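Read through the structure below, which is laid out as structure tokens, and then see the notes.
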Amino acid sequence: MKAVVLALVVGCAARGAPVAHREPMPEAGSAEAAVEAVPVDMVHYSEMKVKVRVRPVYPAAAGGRGGRCILRVHVNVKGLPVTVTPRDCPDDVFRKVSIDAAFQYRWYPKMVDGHPTTATFDLHFIYRAAADAASVPAK
């Protein structure tokens, strides 16, 4: 049985896929819906401060191989992930565990003019086999 190391890398990516929703969408006409309706530009992950970081559980079905999953995450004014869209997950085995981990993250809200706002950014999960572990930077 091969040991596996998981690394988290952040940055930007492209390409679309189905969207996963976890939090109920706000009711039309509510104050939260009005805030959510304000368009927000993409921000770089480094602009977001993480409250809770979660490492995905390495899937047994991956069989010790490495892979990656890049997710587009939209967080609300409370810093909770509302939608997670796989942007580049070529191996389906890493998609579900990456999405599950992203929904467990918590961020401090992005502040604009002293007010919390929604934010959208890309979150990268890189899975490396034990043989590649030497190239994973220590934290």
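Each chain of the structure tokens is named A, B, ... in the order shown, its residues numbered from 1; ligands are numbered from 1 in display order.
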Do you know which residues are at most 10 Å from Tyr58 (chain A) counting only C-alpha atoms, after dropping those on the same chain fewer than 2 positions away, and could you put them as a ChimeraX atom specification?
/A:4-6,55-56,60-64,66,93-94,97-98,127-128
Spatial neighbours of region 111-121 of chain A, max dist 6 Å, only C-alpha atoms, sep filter under 6 positions, as number ranges by chain
A: 42-45, 72-77
Save the residues we just selected, N, CA and C atoms, as a PDB file, in the first residue's frame?
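Once everything was written out, this is selection-v7.pdb:
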ATOM      1  N   MET A  42     -13.943  38.513  -9.563  1.00  0.00           N
ATOM      2  CA  MET A  42     -13.092  37.444  -9.058  1.00  0.00           C
ATOM      3  C   MET A  42     -11.985  38.075  -8.221  1.00  0.00           C
ATOM      4  N   VAL A  43     -11.663  37.422  -7.125  1.00  0.00           N
ATOM      5  CA  VAL A  43     -10.537  37.862  -6.310  1.00  0.00           C
ATOM      6  C   VAL A  43      -9.521  36.733  -6.288  1.00  0.00           C
ATOM      7  N   HIS A  44      -8.283  37.074  -6.038  1.00  0.00           N
ATOM      8  CA  HIS A  44      -7.255  36.051  -5.899  1.00  0.00           C
ATOM      9  C   HIS A  44      -7.412  35.428  -4.513  1.00  0.00           C
ATOM     10  N   TYR A  45      -7.150  34.133  -4.423  1.00  0.00           N
ATOM     11  CA  TYR A  45      -7.290  33.420  -3.156  1.00  0.00           C
ATOM     12  C   TYR A  45      -6.522  34.115  -2.034  1.00  0.00           C
ATOM     13  N   ARG A  72     -13.925  26.527  -8.344  1.00  0.00           N
ATOM     14  CA  ARG A  72     -14.345  27.927  -8.246  1.00  0.00           C
ATOM     15  C   ARG A  72     -15.302  27.986  -7.058  1.00  0.00           C
ATOM     16  N   VAL A  73     -14.958  28.800  -6.055  1.00  0.00           N
ATOM     17  CA  VAL A  73     -15.740  28.896  -4.817  1.00  0.00           C
ATOM     18  C   VAL A  73     -16.365  30.284  -4.724  1.00  0.00           C
ATOM     19  N   HIS A  74     -17.645  30.321  -4.404  1.00  0.00           N
ATOM     20  CA  HIS A  74     -18.338  31.586  -4.163  1.00  0.00           C
ATOM     21  C   HIS A  74     -18.748  31.581  -2.693  1.00  0.00           C
ATOM     22  N   VAL A  75     -18.290  32.583  -1.941  1.00  0.00           N
ATOM     23  CA  VAL A  75     -18.649  32.677  -0.527  1.00  0.00           C
ATOM     24  C   VAL A  75     -19.580  33.862  -0.313  1.00  0.00           C
ATOM     25  N   ASN A  76     -20.454  33.730   0.691  1.00  0.00           N
ATOM     26  CA  ASN A  76     -21.410  34.794   0.993  1.00  0.00           C
ATOM     27  C   ASN A  76     -20.793  35.815   1.941  1.00  0.00           C
ATOM     28  N   VAL A  77     -21.601  36.762   2.391  1.00  0.00           N
ATOM     29  CA  VAL A  77     -21.107  37.835   3.250  1.00  0.00           C
ATOM     30  C   VAL A  77     -20.695  37.333   4.634  1.00  0.00           C
TER      31      VAL A  77
END
